[in-house]
Amino acid sequence: MARNIIIGAAGVTKKFGDITAVDNIDFEVKQGEIFAFLGPNGAGKSTTIKMLTTMLRPTSGKLTLAGHDVTKERDSARKAFGIVFQDPSLDEELTAYENMDLHAALYSIPKSKRRARIEELLKLVELDNRMDYKVKTFSGGMRRRLEIARGLLHEPRVLFLDEPTLGLDTQTRNLMWDYVKKLSDEKGMTIFFTTHYLDEAEHVAERIAIIDHGKIVALGTTPELRKLTGTESLEEAYLNLTGKTLRDEASSGNDGLNFKTALRNSRLR
Amino acid sequence: MDILYVLWLRQVRRYWRSGSRLLGTLGQPILLLLALGYGIGAIYRKAGEGNYLQFLVPGIITQTVLLSGIFWGIIILQDKRFGFLSEMLVAPVSRTKILLGSATGGATISVLQGIIIFVVSYLFGFRPYDWALVGPAFLVLVLMCVALTCLGAGIASMVDDFQGFQGINNLIILPMFFLSSALYPLNNVPEGLRIISTINPVTYMVDALRTLLANQSHFGLTKDLIIIGITFVFCLVFAVNRFNRIQI
C-alpha cells in the first residue's frame, strides 16, 4: 500500500533580491518517512526549512504539509509540525517545565492534559528530575533534549530537525537518533532533518535529498545515490555531487560545477 | 486569553526573578529624587515657586516608566538574537497576539515601578494633593506604560544589535525626558525650549500626572489626555506594524 504524501514541494523558488536561494525545487516526503536534506553551507537547506515551517514565504511555487497549503493555511500547517531549530530557542530564564508549559499554551493544549503530558515527555528525554531548574543551568545536550521534547508536545505529524546534533557529544547524538527512529517507527511520525554529518544521514535516513546552489541535485536512498555516482559511500557520492571546493568561492559564479550538477540532475530524472 | 496570559506571565516572571534589573531601573530615579528634590529644592523655594518635590515627583514617575518601558524592548531584541522568538513565531498564534501579550507584561512591570517610585517619594515627603485622584492618576499611568512599552517594542523590532538599540535610546529617552516639563516649569523657559517641550508627548504625560497628583497644570487635563490618547494609538500601531515585519 502506498503511503500518503505528507510534505510536498512543487516548483518552489525563494529569491532574496537578486540572489536565488532556492531554485525551483520539487520533492515529496511520505508519511512516516525519515528524510534527510544534505548540502553545503548556503545551499538552501535552512531556507527550505524556513519556508516549510512558515517562517519565510516562497517567491513562487507551492508547499503542502499534512494536506495544508503552507502559505494559505498557516495555522493548520503550524499545528501539524514541530521543530528543533538550528540555534537554541529556549527561554533560559525559565525552568524546563515553564518552557514546556508556555509551548503547550501557545498550541492550545487543554490545561487538564498539560502537566501529565509534559512530565511524560520530560521523562522520555530524561530531564524529569531537572524539571524545575532554569534552562540556563543546562548543558548543550540537555537543552537539545528539552527542545526535542518541546517540539513533540503538541503531537505533530512532522518533526523538523535543523542540524539537531550540532555540537553534541557522541553519546547524546546516538541517544537522540535512537529516540527519533523510535518515534518514526512507533508513532509513524515523519522526520525531516538537515545535517552536515553524512554518517548520520546514512544510518538514519530512508531517503536523502542533496541540495546545492538552491537546486536538488540528487534524491534517493543511500544505495541509489551511490549507484548514481558510481561511488562506494554516501560521503563520496555527496562530494561527487557537490564538488570539493569551499562554498564561499564556489557559490559566487556559474562555473563548471553548476553545469555538471545540472547534467546529473537531468540524468536522475 | 490563555495565550495572552502565559505570554504576560513570562515577562512578569522574568522580571521578578531578576533582582539586578529591579535595582538597576529603580536606582536612577531614586538618585534623581534625592539629588534634584533636595539639591535644587532649596533654590526653587527661594525663587518663590513653592515645594519642588511636589512638582518633581510626577516627572520622576514619568521618567521611570519612560526608561523601563522603552528598555523593555531589549527583551524582543534578545528573543530575536537568542532564538526564542522563532519558537513563538512558528506557533499557531498571530504575531499581534504575541506582541500584545508580551507588551502587557512589559507594561505591568513599568506600572509596578511607577508605583514603587510613588511609594518611595511618599517616604521622602511627597504628598498627593487629593487621595481620591490617585486612582485616576493610576489609570493614566497604565495608558502611558502601555504606550511607552509599545514604543520600545517597535524600536527593538527595527534594530538588530544591542549597540544600535542603546544608541537609539540615548537619542530618544534622554531628550524626551530632559526636553519635557519633568524637571522645570514651562512658564519661564526660552521660546525654543518651550516649543520643543510642547511637541514632546512626554510633556503631556508629566502634566497629566502633575495635575492629578500635585494639582499643578500647564495645559489642562483634557488636552493632556487627548495627546496621551493619540500617542497611545500611534505607539500601538507602530509596534504591531514593526513586529509584524520582523524577518528571522
# chains A, B, ... in the order shown; residues from 1 in each chain; ligands from 1
call {"tool": "residues_around", "arguments": {"residues": "Ala147 (chain B)", "least_positions_apart": "2", "cutoff": "7 Å", "atoms": "only C-alpha atoms", "output": "MDAnalysis selection string"}}
result
chainID B and resid 143:145 149:151 231:232 235:236
call {"tool": "interface_residues", "arguments": {"of": "chain A", "to": "chain B", "cutoff": "12 Å", "atoms": "only C-alpha atoms", "output": "VMD selection string"}}
result
chain A and resid 46 to 47 49 to 57 70 73 to 95 98 to 111 134 147 150 to 151 154 156 160
call {"tool": "residues_around", "arguments": {"residues": "region 212-216 of chain A", "least_positions_apart": "4", "cutoff": "8 Å", "atoms": "only C-alpha atoms", "output": "MDAnalysis selection string"}}
result
chainID A and resid 20:26 39:40 42:44 242 251 258 265
call {"tool": "write_last_selection", "arguments": {"atoms": "C-alpha atoms", "output": "PDB file, in the first residue's frame"}}
result
ATOM      1  CA  THR A  20      18.107  32.898  -5.726  1.00  0.00           C
ATOM      2  CA  ALA A  21      18.491  30.862  -2.534  1.00  0.00           C
ATOM      3  CA  VAL A  22      16.159  28.064  -3.572  1.00  0.00           C
ATOM      4  CA  ASP A  23      15.673  27.470  -7.259  1.00  0.00           C
ATOM      5  CA  ASN A  24      12.562  25.677  -8.455  1.00  0.00           C
ATOM      6  CA  ILE A  25      12.754  22.577  -6.262  1.00  0.00           C
ATOM      7  CA  ASP A  26      10.332  19.654  -6.241  1.00  0.00           C
ATOM      8  CA  GLY A  39      24.012  20.249   1.220  1.00  0.00           C
ATOM      9  CA  PRO A  40      26.949  22.565   1.728  1.00  0.00           C
ATOM     10  CA  GLY A  42      24.454  28.278   1.868  1.00  0.00           C
ATOM     11  CA  ALA A  43      22.999  25.628  -0.435  1.00  0.00           C
ATOM     12  CA  GLY A  44      19.417  26.412   0.581  1.00  0.00           C
ATOM     13  CA  THR A 242      28.544  18.915  -4.700  1.00  0.00           C
ATOM     14  CA  SER A 251      28.722  29.891  -4.965  1.00  0.00           C
ATOM     15  CA  ASN A 258      26.908  24.023 -11.720  1.00  0.00           C
ATOM     16  CA  ASN A 265      20.147  16.289 -12.241  1.00  0.00           C
TER      17      ASN A 265
END
call {"tool": "residues_around", "arguments": {"residues": "Gly67 (chain A)", "least_positions_apart": "5", "cutoff": "9 Å", "atoms": "only C-alpha atoms", "output": "MDAnalysis selection string"}}
result
chainID A and resid 5:8 77
call {"tool": "write_last_selection", "arguments": {"atoms": "C-alpha atoms", "output": "PDB file, in the first residue's frame"}}
result
ATOM      1  CA  ILE A   5       2.441  12.197   0.876  1.00  0.00           C
ATOM      2  CA  ILE A   6       2.860  14.407   3.938  1.00  0.00           C
ATOM      3  CA  ILE A   7       5.280  17.053   2.678  1.00  0.00           C
ATOM      4  CA  GLY A   8       5.131  18.278  -0.894  1.00  0.00           C
ATOM      5  CA  ALA A  77       0.151  23.781   8.947  1.00  0.00           C
TER       6      ALA A  77
END
call {"tool": "residues_around", "arguments": {"residues": "His218 (chain B)", "least_positions_apart": "3", "cutoff": "9 Å", "atoms": "only C-alpha atoms", "output": "list of chain:residue names"}}
result
B:Pro185, B:Leu186, B:Asn187, B:Tyr204, B:Asp207, B:Thr211, B:Leu221
call {"tool": "closest_residue", "arguments": {"among": "B:Ser121, B:Thr108, B:Ser20, B:Ser217", "to": "Ile61 (chain B)", "atoms": "only C-alpha atoms"}}
result
B:Ser121
call {"tool": "residues_around", "arguments": {"residues": "Leu213 (chain B)", "least_positions_apart": "2", "cutoff": "10 Å", "atoms": "only C-alpha atoms", "output": "count of residues only"}}
result
24
call {"tool": "atom_distance", "arguments": {"atom1": "CA of Tyr44 (chain B)", "atom2": "CA of Leu31 (chain B)"}}
result
18.3 Å
call {"tool": "select_by_dssp", "arguments": {"residues": "region 118-223 of chain B", "states": "helix (DSSP H, G or I)", "output": "count of residues only"}}
result
78
call {"tool": "select_by_dssp", "arguments": {"residues": "region 82-245 of chain A", "states": "strand (DSSP E or B)", "output": "PyMOL selection string"}}
result
chain A and resi 82-84+95+134+158-162+190-194+207-212+215-220
call {"tool": "residues_around", "arguments": {"residues": "Gly152 (chain B)", "least_positions_apart": "6", "cutoff": "12 Å", "atoms": "only C-alpha atoms", "output": "PyMOL selection string"}}
result
chain B and resi 65-77+99+102-103+106-107+110+145-146+158-159+165-166+168-169+172-173+235-236+238-240+242-243
